[in-house]
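Q: Contents of structure_18.cif (mmCIF, C-alpha atoms and all ligand atoms) are below:
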```cif
data_query
#
loop_
_atom_site.label_atom_id
_atom_site.label_comp_id
_atom_site.auth_asym_id
_atom_site.auth_seq_id
_atom_site.Cartn_x
_atom_site.Cartn_y
_atom_site.Cartn_z
CA MET A 16 0.00 0.00 0.00
CA ALA A 17 1.35 3.49 -0.85
CA THR A 18 2.87 5.27 2.15
CA HIS A 19 0.57 8.31 1.82
CA LEU A 20 -2.52 6.06 1.96
CA ARG A 21 -1.29 4.15 5.00
CA SER A 22 -0.55 7.42 6.81
CA ALA A 23 -3.85 9.13 5.98
CA GLY A 24 -5.56 10.42 9.09
CA LYS A 25 -2.64 9.40 11.31
CA LYS A 26 -1.85 11.59 14.27
CA CYS A 27 1.56 11.43 15.91
CA THR A 28 3.64 13.18 18.55
CA VAL A 29 7.34 13.90 18.19
CA ILE A 30 8.90 14.07 21.65
CA GLY A 31 12.06 16.13 21.17
CA GLY A 32 10.53 17.65 18.02
CA SER A 33 12.42 20.93 18.46
CA GLY A 34 15.80 19.21 18.10
CA PHE A 35 17.91 18.55 15.02
CA LEU A 36 16.47 15.13 14.19
CA GLY A 37 13.08 16.10 15.62
CA GLN A 38 12.63 19.04 13.25
CA HIS A 39 13.48 16.88 10.23
CA MET A 40 11.01 14.25 11.53
CA VAL A 41 8.28 16.88 11.74
CA GLU A 42 8.96 18.13 8.20
CA GLN A 43 8.79 14.65 6.64
CA LEU A 44 5.77 13.56 8.69
CA LEU A 45 3.85 16.65 7.56
CA LYS A 46 4.85 15.93 3.94
CA LYS A 47 3.47 12.42 4.32
CA GLY A 48 0.13 13.69 5.55
CA TYR A 49 0.47 13.11 9.28
CA THR A 50 -1.04 15.43 11.84
CA VAL A 51 1.88 16.34 14.10
CA ASN A 52 2.20 17.36 17.75
CA VAL A 53 5.57 18.38 19.14
CA PHE A 54 6.45 17.89 22.80
CA ASP A 55 9.71 19.51 23.86
CA ILE A 56 11.21 21.47 26.71
CA GLN A 57 11.83 24.33 24.28
CA LYS A 58 10.18 25.75 21.16
CA ARG A 59 12.72 26.28 18.40
CA PHE A 60 10.58 26.86 15.29
CA ASP A 61 7.15 28.05 14.23
CA ASN A 62 4.76 26.11 12.04
CA ASP A 63 0.99 26.67 11.89
CA ARG A 64 0.43 23.02 11.03
CA VAL A 65 2.11 21.80 14.24
CA GLN A 66 0.64 21.86 17.72
CA PHE A 67 3.33 22.53 20.32
CA PHE A 68 3.30 21.25 23.89
CA LEU A 69 6.04 22.67 26.07
CA GLY A 70 7.18 20.56 29.00
CA ASP A 71 9.70 18.20 30.56
CA LEU A 72 9.26 14.59 29.45
CA CYS A 73 10.06 13.46 33.01
CA ASP A 74 6.64 14.79 33.95
CA LYS A 75 3.98 12.28 32.92
CA GLU A 76 1.16 14.75 33.55
CA ALA A 77 2.77 17.25 31.18
CA LEU A 78 3.08 14.59 28.48
CA LEU A 79 -0.53 13.37 28.60
CA PRO A 80 -2.20 16.30 26.73
CA ALA A 81 0.35 15.94 23.90
CA LEU A 82 -0.57 12.27 23.46
CA GLN A 83 -4.38 12.48 23.33
CA GLY A 84 -5.83 10.88 20.18
CA VAL A 85 -2.35 9.98 18.95
CA SER A 86 -1.55 6.58 17.42
CA VAL A 87 2.26 6.89 17.16
CA ALA A 88 4.75 8.57 19.48
CA PHE A 89 8.32 9.14 18.32
CA HIS A 90 10.70 9.65 21.24
CA CYS A 91 13.82 11.45 20.01
CA ALA A 92 14.57 13.70 22.98
CA SER A 93 17.83 13.53 24.91
CA PRO A 94 20.24 15.90 26.63
CA ALA A 95 23.18 16.65 24.29
CA PRO A 96 25.96 14.01 24.62
CA SER A 97 28.49 16.84 25.10
CA SER A 98 26.71 18.02 28.27
CA ASP A 99 28.45 15.13 30.08
CA ASN A 100 25.99 15.49 32.95
CA ARG A 101 25.47 12.08 34.55
CA GLU A 102 22.47 13.03 36.71
CA LEU A 103 20.71 14.75 33.80
CA PHE A 104 21.24 11.77 31.44
CA TYR A 105 19.91 9.40 34.09
CA LYS A 106 16.92 11.60 34.87
CA VAL A 107 15.88 12.31 31.27
CA ASN A 108 17.00 9.24 29.32
CA PHE A 109 16.13 6.62 31.91
CA MET A 110 13.52 7.95 34.37
CA GLY A 111 12.02 10.25 31.73
CA THR A 112 11.65 7.38 29.26
CA LYS A 113 9.77 5.40 31.92
CA ALA A 114 7.40 8.39 32.16
CA VAL A 115 7.04 8.41 28.35
CA VAL A 116 6.11 4.71 28.32
CA GLU A 117 3.60 5.18 31.15
CA ALA A 118 2.06 8.25 29.51
CA CYS A 119 1.74 6.46 26.13
CA LYS A 120 -0.04 3.54 27.77
CA GLU A 121 -2.34 5.80 29.76
CA ALA A 122 -3.21 7.93 26.72
CA GLY A 123 -3.90 4.84 24.57
CA VAL A 124 -1.02 5.43 22.11
CA GLN A 125 -0.55 2.18 20.15
CA LYS A 126 3.01 2.57 18.88
CA LEU A 127 6.18 3.97 20.43
CA VAL A 128 9.27 4.41 18.26
CA LEU A 129 12.43 5.26 20.21
CA THR A 130 15.52 6.92 18.75
CA SER A 131 18.26 4.89 20.37
CA SER A 132 21.89 4.85 19.14
CA ALA A 133 24.20 2.31 17.53
CA SER A 134 26.66 3.31 20.26
CA VAL A 135 24.76 1.12 22.75
CA VAL A 136 27.00 -1.77 21.64
CA PHE A 137 30.23 0.25 21.27
CA GLU A 138 32.95 -0.13 23.91
CA GLY A 139 35.73 1.81 22.17
CA THR A 140 37.05 -1.17 20.18
CA ASP A 141 36.54 -2.09 16.52
CA ILE A 142 33.08 -3.13 15.27
CA LYS A 143 32.88 -4.15 11.61
CA ASN A 144 29.45 -4.60 10.04
CA GLY A 145 27.98 -5.15 13.52
CA SER A 146 24.49 -6.65 13.70
CA GLU A 147 21.79 -5.94 16.26
CA ASP A 148 22.66 -9.27 17.91
CA LEU A 149 25.81 -7.76 19.45
CA PRO A 150 25.39 -7.53 23.25
CA TYR A 151 24.94 -4.16 24.92
CA ALA A 152 28.27 -2.59 25.90
CA LYS A 153 29.37 -3.78 29.36
CA ASN A 154 31.62 -0.74 29.60
CA PRO A 155 29.82 2.01 27.66
CA ILE A 156 32.09 4.84 26.48
CA ASP A 157 30.29 7.56 28.47
CA TYR A 158 27.30 8.34 30.70
CA TYR A 159 25.22 9.34 27.69
CA THR A 160 25.64 5.86 26.16
CA GLU A 161 25.11 4.17 29.54
CA THR A 162 21.67 5.78 29.78
CA LYS A 163 20.85 5.18 26.09
CA ILE A 164 21.22 1.45 26.93
CA LEU A 165 18.90 1.74 29.94
CA GLN A 166 16.44 3.70 27.83
CA GLU A 167 16.39 1.20 24.96
CA LYS A 168 15.88 -1.74 27.33
CA GLU A 169 12.99 0.11 28.98
CA VAL A 170 11.22 0.79 25.67
CA LEU A 171 11.76 -2.64 24.10
CA SER A 172 10.60 -4.50 27.21
CA ALA A 173 7.42 -2.38 27.29
CA ASN A 174 6.19 -4.01 24.05
CA ASP A 175 2.83 -5.48 25.08
CA PRO A 176 0.74 -6.94 22.22
CA ASP A 177 -1.99 -8.16 24.61
CA ASN A 178 -2.70 -4.55 25.48
CA ASN A 179 -2.29 -3.28 21.91
CA PHE A 180 0.95 -1.42 22.72
CA PHE A 181 3.89 -1.96 20.34
CA THR A 182 7.42 -0.66 20.70
CA THR A 183 10.57 -0.60 18.59
CA ALA A 184 13.92 1.21 18.59
CA ILE A 185 15.94 2.79 15.80
CA ARG A 186 19.71 2.86 16.25
CA PRO A 187 21.26 5.52 13.99
CA HIS A 188 24.94 6.39 13.95
CA GLY A 189 26.66 9.73 13.33
CA ILE A 190 23.64 11.67 12.12
CA PHE A 191 24.50 14.67 9.98
CA GLY A 192 22.73 17.14 7.72
CA PRO A 193 21.42 20.70 7.57
CA ARG A 194 20.95 22.37 10.97
CA ASP A 195 22.96 19.79 12.90
CA PRO A 196 24.38 21.67 15.90
CA GLN A 197 27.09 19.07 16.58
CA LEU A 198 29.20 17.45 13.89
CA VAL A 199 29.94 20.21 11.34
CA PRO A 200 29.94 23.15 13.81
CA ILE A 201 32.27 21.32 16.25
CA LEU A 202 34.55 20.31 13.41
CA VAL A 203 34.74 23.85 12.00
CA GLN A 204 35.34 25.30 15.46
CA ALA A 205 38.21 22.83 15.96
CA ALA A 206 39.66 23.73 12.54
CA LYS A 207 39.40 27.46 13.26
CA SER A 208 41.35 27.04 16.47
CA GLY A 209 44.05 25.01 14.68
CA LYS A 210 43.11 21.69 16.32
CA MET A 211 42.36 19.71 13.16
CA LYS A 212 45.94 19.01 12.08
CA PHE A 213 46.18 15.37 13.15
CA ILE A 214 44.71 12.12 11.90
CA ILE A 215 44.24 9.76 14.83
CA GLY A 216 45.67 6.34 13.86
CA ASP A 217 46.34 5.30 10.25
CA GLY A 218 43.16 6.99 8.96
CA LYS A 219 41.76 3.78 7.47
CA ASN A 220 39.06 3.13 10.08
CA LEU A 221 35.59 2.88 8.55
CA VAL A 222 32.65 4.54 10.30
CA ASP A 223 28.95 5.11 9.55
CA PHE A 224 27.78 8.67 9.02
CA THR A 225 24.06 8.75 8.36
CA TYR A 226 22.19 11.50 6.58
CA VAL A 227 19.34 12.84 8.67
CA GLU A 228 16.70 12.17 5.98
CA ASN A 229 17.64 8.49 5.92
CA VAL A 230 17.29 8.36 9.69
CA VAL A 231 13.85 9.97 9.42
CA HIS A 232 12.88 7.51 6.67
CA GLY A 233 13.85 4.61 8.96
CA HIS A 234 11.70 5.98 11.80
CA ILE A 235 8.63 6.45 9.59
CA LEU A 236 8.99 2.98 8.05
CA ALA A 237 9.32 1.57 11.56
CA ALA A 238 6.10 3.26 12.66
CA GLU A 239 4.25 2.06 9.58
CA ASN A 240 5.43 -1.54 9.88
CA LEU A 241 5.05 -1.84 13.65
CA GLN A 242 1.92 -3.86 14.34
CA LYS A 243 0.75 -7.03 16.05
CA ASP A 244 3.01 -10.03 15.25
CA SER A 245 5.38 -7.95 13.09
CA ALA A 246 9.12 -8.62 13.34
CA LEU A 247 9.61 -5.10 14.67
CA CYS A 248 7.86 -5.61 18.01
CA GLY A 249 10.28 -5.20 20.91
CA LYS A 250 13.32 -5.16 18.58
CA ALA A 251 16.08 -2.66 17.69
CA PHE A 252 17.18 -1.76 14.15
CA HIS A 253 20.34 -0.13 12.81
CA ILE A 254 19.63 2.63 10.33
CA THR A 255 22.69 3.74 8.39
CA ASN A 256 23.62 5.15 4.98
CA ASP A 257 24.90 1.64 4.18
CA GLU A 258 28.12 3.25 2.90
CA PRO A 259 30.75 3.10 5.67
CA VAL A 260 33.51 5.61 4.99
CA PRO A 261 36.98 6.23 6.50
CA PHE A 262 36.35 8.59 9.43
CA TRP A 263 39.16 10.94 8.40
CA ALA A 264 38.17 10.97 4.71
CA PHE A 265 34.69 12.09 5.76
CA MET A 266 36.10 14.81 8.08
CA SER A 267 38.50 15.96 5.35
CA ARG A 268 35.70 16.19 2.81
CA ILE A 269 33.64 18.39 5.12
CA LEU A 270 36.65 20.57 5.96
CA THR A 271 37.84 21.06 2.38
CA GLY A 272 34.23 21.62 1.26
CA LEU A 273 34.15 24.58 3.65
CA ASN A 274 37.62 25.81 2.58
CA TYR A 275 39.54 24.52 5.61
CA ASP A 276 42.73 22.47 5.33
CA PRO A 277 42.30 18.75 5.99
CA PRO A 278 44.36 17.11 8.75
CA LYS A 279 47.61 15.62 7.41
CA TYR A 280 49.89 14.50 10.26
CA HIS A 281 49.36 11.13 11.94
CA ILE A 282 49.31 10.56 15.69
CA PRO A 283 49.17 7.01 17.14
CA TYR A 284 45.74 6.11 18.47
CA TRP A 285 46.97 5.13 21.96
CA LEU A 286 48.91 8.40 22.33
CA ALA A 287 45.84 10.49 21.38
CA TYR A 288 43.65 8.43 23.71
CA TYR A 289 45.91 8.81 26.78
CA LEU A 290 46.48 12.51 26.07
CA ALA A 291 42.69 13.02 25.97
CA LEU A 292 42.29 10.97 29.15
CA PHE A 293 45.00 12.96 30.92
CA LEU A 294 43.43 16.23 29.76
CA SER A 295 39.97 15.27 31.02
CA LEU A 296 41.40 14.22 34.39
CA ALA A 297 43.27 17.51 34.68
CA LEU A 298 40.14 19.49 33.74
CA TRP A 299 38.09 17.47 36.23
CA LEU A 300 40.57 18.36 39.01
CA LEU A 301 40.42 22.02 37.98
CA SER A 302 36.62 22.02 37.62
CA PRO A 303 35.94 23.79 40.96
CA LEU A 304 38.01 26.71 39.59
CA VAL A 305 37.40 26.77 35.81
CA THR A 306 35.04 25.09 33.35
CA ILE A 307 36.69 24.21 30.04
CA LYS A 308 35.16 21.89 27.43
CA PRO A 309 37.93 20.03 25.59
CA THR A 310 37.55 19.33 21.85
CA PHE A 311 39.25 15.95 22.14
CA THR A 312 37.63 13.81 24.82
CA PRO A 313 38.52 10.09 25.22
CA MET A 314 35.06 9.35 23.79
CA ARG A 315 35.68 11.42 20.64
CA VAL A 316 39.15 9.91 20.20
CA ALA A 317 37.60 6.41 20.40
CA LEU A 318 34.97 7.42 17.84
CA ALA A 319 37.61 8.97 15.56
CA GLY A 320 40.20 6.21 15.76
CA THR A 321 38.34 2.88 15.60
CA PHE A 322 36.24 1.00 13.07
CA HIS A 323 32.57 1.15 13.96
CA TYR A 324 30.10 0.50 11.25
CA TYR A 325 26.90 -1.47 11.39
CA SER A 326 24.79 -3.70 9.18
CA CYS A 327 21.30 -2.44 8.34
CA GLU A 328 20.22 -5.76 6.77
CA ARG A 329 17.60 -6.32 9.47
CA ALA A 330 15.89 -3.01 8.65
CA LYS A 331 16.01 -3.86 4.93
CA ARG A 332 14.46 -7.26 5.56
CA ASP A 333 11.82 -6.35 8.15
CA MET A 334 10.72 -2.88 7.10
CA GLY A 335 11.89 -2.53 3.50
CA TYR A 336 14.47 0.12 4.45
CA LYS A 337 16.84 1.50 1.82
CA PRO A 338 18.71 4.79 2.16
CA VAL A 339 16.94 7.49 0.15
CA VAL A 340 19.91 9.89 -0.09
CA SER A 341 23.42 8.69 -1.03
CA LEU A 342 26.44 9.76 1.02
CA ASP A 343 27.79 11.94 -1.83
CA GLU A 344 24.52 13.79 -2.24
CA ALA A 345 24.13 14.05 1.54
CA ILE A 346 27.56 15.66 1.96
CA ASP A 347 26.86 18.14 -0.86
CA ARG A 348 23.49 19.12 0.62
CA THR A 349 25.05 19.47 4.07
CA LEU A 350 27.91 21.66 2.85
CA GLN A 351 25.49 23.92 0.98
CA SER A 352 23.42 24.35 4.13
CA TYR A 353 26.27 25.91 6.13
CA PRO A 354 27.26 29.03 4.10
CA HIS A 355 27.96 30.89 7.37
CA LEU A 356 30.60 28.31 8.35
CA ARG A 357 32.46 28.56 5.03
CA ARG A 358 35.91 30.16 5.28
CA ALA A 359 36.42 33.07 2.92
CA LYS A 360 39.16 32.21 0.39
CA ALA A 361 42.35 34.23 0.89
N1 LIG B 1 23.11 13.28 16.63
C1 LIG B 1 23.59 12.04 16.47
O1 LIG B 1 24.60 11.80 15.81
C2 LIG B 1 22.84 10.91 17.10
C3 LIG B 1 21.72 11.12 17.88
N2 LIG B 1 21.05 10.04 18.40
C4 LIG B 1 19.82 10.25 19.18
O2 LIG B 1 18.91 10.96 18.37
C5 LIG B 1 18.03 11.75 19.19
C6 LIG B 1 17.97 13.16 18.66
O3 LIG B 1 19.26 13.72 18.70
P1 LIG B 1 19.55 15.18 18.15
O4 LIG B 1 18.42 15.62 17.33
O5 LIG B 1 20.92 15.13 17.59
O6 LIG B 1 19.59 16.02 19.51
P2 LIG B 1 19.09 17.51 19.81
O7 LIG B 1 19.83 17.93 21.04
O8 LIG B 1 19.19 18.36 18.61
O9 LIG B 1 17.56 17.30 20.15
C7 LIG B 1 17.10 16.78 21.36
C8 LIG B 1 15.82 17.49 21.74
O10 LIG B 1 15.36 16.92 22.98
C9 LIG B 1 14.84 17.96 23.76
N3 LIG B 1 14.87 17.60 25.17
C10 LIG B 1 15.97 17.37 25.93
N4 LIG B 1 15.61 17.11 27.19
C11 LIG B 1 14.24 17.15 27.23
C12 LIG B 1 13.29 16.98 28.26
N5 LIG B 1 13.65 16.71 29.52
N6 LIG B 1 11.97 17.09 27.96
C13 LIG B 1 11.59 17.39 26.68
N7 LIG B 1 12.47 17.57 25.67
C14 LIG B 1 13.78 17.46 25.95
C15 LIG B 1 15.75 19.15 23.47
O11 LIG B 1 15.14 20.38 23.82
C16 LIG B 1 15.98 18.98 21.97
O12 LIG B 1 15.03 19.73 21.23
C17 LIG B 1 18.55 11.62 20.61
O13 LIG B 1 17.80 10.64 21.28
C18 LIG B 1 19.98 11.11 20.43
O14 LIG B 1 20.36 10.33 21.52
C19 LIG B 1 21.45 8.76 18.16
C20 LIG B 1 22.54 8.52 17.40
C21 LIG B 1 23.35 9.56 16.82
C1 LIG B 2 37.73 14.22 16.43
C2 LIG B 2 36.76 15.36 16.33
C3 LIG B 2 36.97 16.52 17.23
C4 LIG B 2 35.80 15.31 15.44
C5 LIG B 2 34.68 16.29 15.37
C6 LIG B 2 33.39 15.60 15.00
C7 LIG B 2 32.71 14.99 16.23
C8 LIG B 2 32.12 16.13 17.02
C9 LIG B 2 31.67 13.97 15.76
C10 LIG B 2 32.32 12.79 15.04
C11 LIG B 2 31.51 11.54 15.37
C12 LIG B 2 30.26 12.11 16.02
C13 LIG B 2 29.34 11.23 16.78
C14 LIG B 2 28.54 11.78 17.79
C15 LIG B 2 28.66 13.22 18.18
C16 LIG B 2 29.55 14.07 17.25
C17 LIG B 2 30.79 13.30 16.83
C18 LIG B 2 31.62 12.90 18.04
C19 LIG B 2 27.63 10.92 18.64
C20 LIG B 2 28.36 10.70 19.97
C21 LIG B 2 26.30 11.58 18.91
C22 LIG B 2 25.39 10.74 19.75
C23 LIG B 2 25.38 9.29 19.46
O1 LIG B 2 24.44 8.61 19.81
C24 LIG B 2 26.53 8.66 18.82
C25 LIG B 2 27.30 9.59 17.91
C26 LIG B 2 28.54 8.93 17.36
C27 LIG B 2 29.27 9.81 16.38
#
```
Turn this file's structure into structure tokens for me.

A:
Amino acid sequence: MATHLRSAGKKCTVIGGSGFLGQHMVEQLLKKGYTVNVFDIQKRFDNDRVQFFLGDLCDKEALLPALQGVSVAFHCASPAPSSDNRELFYKVNFMGTKAVVEACKEAGVQKLVLTSSASVVFEGTDIKNGSEDLPYAKNPIDYYTETKILQEKEVLSANDPDNNFFTTAIRPHGIFGPRDPQLVPILVQAAKSGKMKFIIGDGKNLVDFTYVENVVHGHILAAENLQKDSALCGKAFHITNDEPVPFWAFMSRILTGLNYDPPKYHIPYWLAYYLALFLSLALWLLSPLVTIKPTFTPMRVALAGTFHYYSCERAKRDMGYKPVVSLDEAIDRTLQSYPHLRRAKA
């Protein structure tokens, strides 16, 4: 059945709809004929076709009005990974997700689609074409990932066909695209301050970077295929561009596309990792006196220096997923969307 027919008359709520992924979700859902509510702690855009509900997702009572008459809830809210705030991650990603599940059940929402992360299985060592059968990381790379694991377990175990409540989780990796506040802006900031001179390791490590529209496509397919007895119930799915790319080739392409020099000197992975670890320990000791956010954290070094790419075969098989925008096209569109970050040519 054509997607627009299946989605006719569907009402959904995007929790975290003011964020980078959330805003792209809203745009595509509207295009596909959904009626869209946004629930978020902040309002970051205006759209007459969207009903906004401002509130904290940890508060079940605040969530309930946003979920009335809704058949699908997309939960893509999270504190930013760079906030590095353990209590906040635990409160929002774990306790808050429990409140989301409870509120969905109470409001009679039938489907809950969580935005998880492929990092839930990443421990800082190589993963090549990893499937969803990999175990959750025993030693997650940071507090953010630790609570993404708790969150995913909470949502998947809430799948309850007897009570007409179905859940699934999408695990994207390295989302990028127009309006992303993380990847390109952080990279350009690092280049401006002369910190993008080194390639960590030999530069051959393959990584998934996933264009935001492909991630959105995966979420919408998940919602439309999630139903009683479907293979999606209570399961997680990798959504990638299906084109793993050397991490440093991707970074170099973004940098050169914005007129910055690509990194060219190599630094051994272990040296970069221990330098970053030493720096974060030093900054932690100094934290009562000064707050400095380092560009190179042990987590970022691990992400930049190891293989970590994932198979999306399960999503292809069970929901008919196929990336809709190629990596080349995605990079071009992304570069064009950041004219303000482009360095003027000398
Ligand atoms: N950006 C990436 O590369 C990846 C992101 N993800 C996941 O995708 C989801 C979306 O990420 P982004 O769009 O990049 O983040 P974002 O920071 O742009 O958006 C998150 C949104 O959640 C909202 N939010 C945070 N705490 C809230 C609360 N207590 N109550 C209500 N709303 C709250 C924020 O206001 C924001 O609008 C997150 O769950 C993230 O963990 C997963 C893999 C990779
Ligand atoms: C080495 C360096 C300073 C690179 C700059 C780019 C980084 C800011 C990004 C490269 C990989 C990205 C990534 C995430 C955030 C931004 C990067 C570190 C996530 C941690 C975002 C949240 C997730 O769930 C996993 C992502 C993995 C990749």

Q: For ligand LIG 1 (chain B), list the contacting residues at 9 Å or closer, counting all atoms listed in the file, as an MDAnalysis selection string.

A: chainID A and resid 30:39 54:59 69:74 90:96 103:104 106:108 111 129:134 159:160 163 185:191 194:198 224:225 227

Q: Now that the selection is made, can you save its residues with C-alpha atoms as an mmCIF file, in the frame of the given file?

A:
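Produced file out.cif, reproduced below:
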```cif
data_model
loop_
_atom_site.group_PDB
_atom_site.id
_atom_site.type_symbol
_atom_site.label_atom_id
_atom_site.label_comp_id
_atom_site.auth_asym_id
_atom_site.auth_seq_id
_atom_site.Cartn_x
_atom_site.Cartn_y
_atom_site.Cartn_z
ATOM 1 C CA ILE A 30 8.900 14.070 21.650
ATOM 2 C CA GLY A 31 12.060 16.130 21.170
ATOM 3 C CA GLY A 32 10.530 17.650 18.020
ATOM 4 C CA SER A 33 12.420 20.930 18.460
ATOM 5 C CA GLY A 34 15.800 19.210 18.100
ATOM 6 C CA PHE A 35 17.910 18.550 15.020
ATOM 7 C CA LEU A 36 16.470 15.130 14.190
ATOM 8 C CA GLY A 37 13.080 16.100 15.620
ATOM 9 C CA GLN A 38 12.630 19.040 13.250
ATOM 10 C CA HIS A 39 13.480 16.880 10.230
ATOM 11 C CA PHE A 54 6.450 17.890 22.800
ATOM 12 C CA ASP A 55 9.710 19.510 23.860
ATOM 13 C CA ILE A 56 11.210 21.470 26.710
ATOM 14 C CA GLN A 57 11.830 24.330 24.280
ATOM 15 C CA LYS A 58 10.180 25.750 21.160
ATOM 16 C CA ARG A 59 12.720 26.280 18.400
ATOM 17 C CA LEU A 69 6.040 22.670 26.070
ATOM 18 C CA GLY A 70 7.180 20.560 29.000
ATOM 19 C CA ASP A 71 9.700 18.200 30.560
ATOM 20 C CA LEU A 72 9.260 14.590 29.450
ATOM 21 C CA CYS A 73 10.060 13.460 33.010
ATOM 22 C CA ASP A 74 6.640 14.790 33.950
ATOM 23 C CA HIS A 90 10.700 9.650 21.240
ATOM 24 C CA CYS A 91 13.820 11.450 20.010
ATOM 25 C CA ALA A 92 14.570 13.700 22.980
ATOM 26 C CA SER A 93 17.830 13.530 24.910
ATOM 27 C CA PRO A 94 20.240 15.900 26.630
ATOM 28 C CA ALA A 95 23.180 16.650 24.290
ATOM 29 C CA PRO A 96 25.960 14.010 24.620
ATOM 30 C CA LEU A 103 20.710 14.750 33.800
ATOM 31 C CA PHE A 104 21.240 11.770 31.440
ATOM 32 C CA LYS A 106 16.920 11.600 34.870
ATOM 33 C CA VAL A 107 15.880 12.310 31.270
ATOM 34 C CA ASN A 108 17.000 9.240 29.320
ATOM 35 C CA GLY A 111 12.020 10.250 31.730
ATOM 36 C CA LEU A 129 12.430 5.260 20.210
ATOM 37 C CA THR A 130 15.520 6.920 18.750
ATOM 38 C CA SER A 131 18.260 4.890 20.370
ATOM 39 C CA SER A 132 21.890 4.850 19.140
ATOM 40 C CA ALA A 133 24.200 2.310 17.530
ATOM 41 C CA SER A 134 26.660 3.310 20.260
ATOM 42 C CA TYR A 159 25.220 9.340 27.690
ATOM 43 C CA THR A 160 25.640 5.860 26.160
ATOM 44 C CA LYS A 163 20.850 5.180 26.090
ATOM 45 C CA ILE A 185 15.940 2.790 15.800
ATOM 46 C CA ARG A 186 19.710 2.860 16.250
ATOM 47 C CA PRO A 187 21.260 5.520 13.990
ATOM 48 C CA HIS A 188 24.940 6.390 13.950
ATOM 49 C CA GLY A 189 26.660 9.730 13.330
ATOM 50 C CA ILE A 190 23.640 11.670 12.120
ATOM 51 C CA PHE A 191 24.500 14.670 9.980
ATOM 52 C CA ARG A 194 20.950 22.370 10.970
ATOM 53 C CA ASP A 195 22.960 19.790 12.900
ATOM 54 C CA PRO A 196 24.380 21.670 15.900
ATOM 55 C CA GLN A 197 27.090 19.070 16.580
ATOM 56 C CA LEU A 198 29.200 17.450 13.890
ATOM 57 C CA PHE A 224 27.780 8.670 9.020
ATOM 58 C CA THR A 225 24.060 8.750 8.360
ATOM 59 C CA VAL A 227 19.340 12.840 8.670
#
```

Q: Work out how far CA of Lys47 in chain A is from CA of Asp333 in chain A, in Å to one decimal.

A: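 Computed distance, CA of Asp333 in chain A to CA of Lys47 in chain A, equals 20.9 Å.
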
Q: Please, what distance in Å, to one decimal, runs between CA of Ala237 in chain A and CA of Val29 in chain A?

A: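 Computed distance, CA of Ala237 in chain A to CA of Val29 in chain A, equals 14.1 Å.
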
Q: Find the residues near range 77-83 of chain A: any atom within 8 Å, counting only C-alpha atoms, skip ones fewer than 6 places away on the same chain, and give them as number ranges by chain.

A: A: 27-28, 52-54, 68, 70-71, 115, 118-119, 121-124

Q: Please write the residues from the selection above to a file, keeping C-alpha atoms, as an mmCIF file, in the frame of the given file.

A:
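Output file out17.cif follows:
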```cif
data_model
loop_
_atom_site.group_PDB
_atom_site.id
_atom_site.type_symbol
_atom_site.label_atom_id
_atom_site.label_comp_id
_atom_site.auth_asym_id
_atom_site.auth_seq_id
_atom_site.Cartn_x
_atom_site.Cartn_y
_atom_site.Cartn_z
ATOM 1 C CA CYS A 27 1.560 11.430 15.910
ATOM 2 C CA THR A 28 3.640 13.180 18.550
ATOM 3 C CA ASN A 52 2.200 17.360 17.750
ATOM 4 C CA VAL A 53 5.570 18.380 19.140
ATOM 5 C CA PHE A 54 6.450 17.890 22.800
ATOM 6 C CA PHE A 68 3.300 21.250 23.890
ATOM 7 C CA GLY A 70 7.180 20.560 29.000
ATOM 8 C CA ASP A 71 9.700 18.200 30.560
ATOM 9 C CA VAL A 115 7.040 8.410 28.350
ATOM 10 C CA ALA A 118 2.060 8.250 29.510
ATOM 11 C CA CYS A 119 1.740 6.460 26.130
ATOM 12 C CA GLU A 121 -2.340 5.800 29.760
ATOM 13 C CA ALA A 122 -3.210 7.930 26.720
ATOM 14 C CA GLY A 123 -3.900 4.840 24.570
ATOM 15 C CA VAL A 124 -1.020 5.430 22.110
#
```

Q: May I have the centre and edge lengths, in Å to one decimal, of an axis-aligned box around the listed atoms of ligand LIG 2 (chain B) with 4 Å added to every side, as JSON?

A:
```
{"center_x": 31.1, "center_y": 12.6, "center_z": 17.5, "size_x": 21.3, "size_y": 15.9, "size_z": 13.0}
```

Q: CA of Asn274 in chain A and CA of Tyr324 in chain A, how far apart in Å?

A: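 Value for the CA of Tyr324 in chain A-CA of Asn274 in chain A distance: 27.8 Å.
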
Q: Would you list the contacts of Ser352 in chain A as a PyMOL selection string, taking every protein, DNA or RNA residue within 8 Å and counting all atoms listed in the file, but skipping same-chain residues closer than 2 positions in sequence?

A: chain A and resi 193-194+348-350+354

Q: Let me make sure I understand: among A:Ala114, A:Leu318, A:Ala88, A:Ile269, which one has the smallest atom-to-atom distance to ligand LIG 2 (chain B) if we use only C-alpha atoms and all ligand atoms?

A: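 Closest candidate: A:Leu318.
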
Q: If we count only C-alpha atoms and set the cut-off at 9 Å, which residues sit around range 283-295 of chain A, ignoring sequence neighbours fewer than 6 positions away in its own chain? Please answer as an mmCIF file with C-alpha atoms, in the coordinates of the input.

A:
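Generated file (selection-v5.cif):
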```cif
data_model
loop_
_atom_site.group_PDB
_atom_site.id
_atom_site.type_symbol
_atom_site.label_atom_id
_atom_site.label_comp_id
_atom_site.auth_asym_id
_atom_site.auth_seq_id
_atom_site.Cartn_x
_atom_site.Cartn_y
_atom_site.Cartn_z
ATOM 1 C CA ILE A 214 44.710 12.120 11.900
ATOM 2 C CA ILE A 215 44.240 9.760 14.830
ATOM 3 C CA GLY A 216 45.670 6.340 13.860
ATOM 4 C CA ASP A 217 46.340 5.300 10.250
ATOM 5 C CA LYS A 308 35.160 21.890 27.430
ATOM 6 C CA PRO A 309 37.930 20.030 25.590
ATOM 7 C CA PHE A 311 39.250 15.950 22.140
ATOM 8 C CA THR A 312 37.630 13.810 24.820
ATOM 9 C CA PRO A 313 38.520 10.090 25.220
ATOM 10 C CA MET A 314 35.060 9.350 23.790
ATOM 11 C CA ARG A 315 35.680 11.420 20.640
ATOM 12 C CA VAL A 316 39.150 9.910 20.200
ATOM 13 C CA ALA A 317 37.600 6.410 20.400
ATOM 14 C CA GLY A 320 40.200 6.210 15.760
ATOM 15 C CA THR A 321 38.340 2.880 15.600
#
```
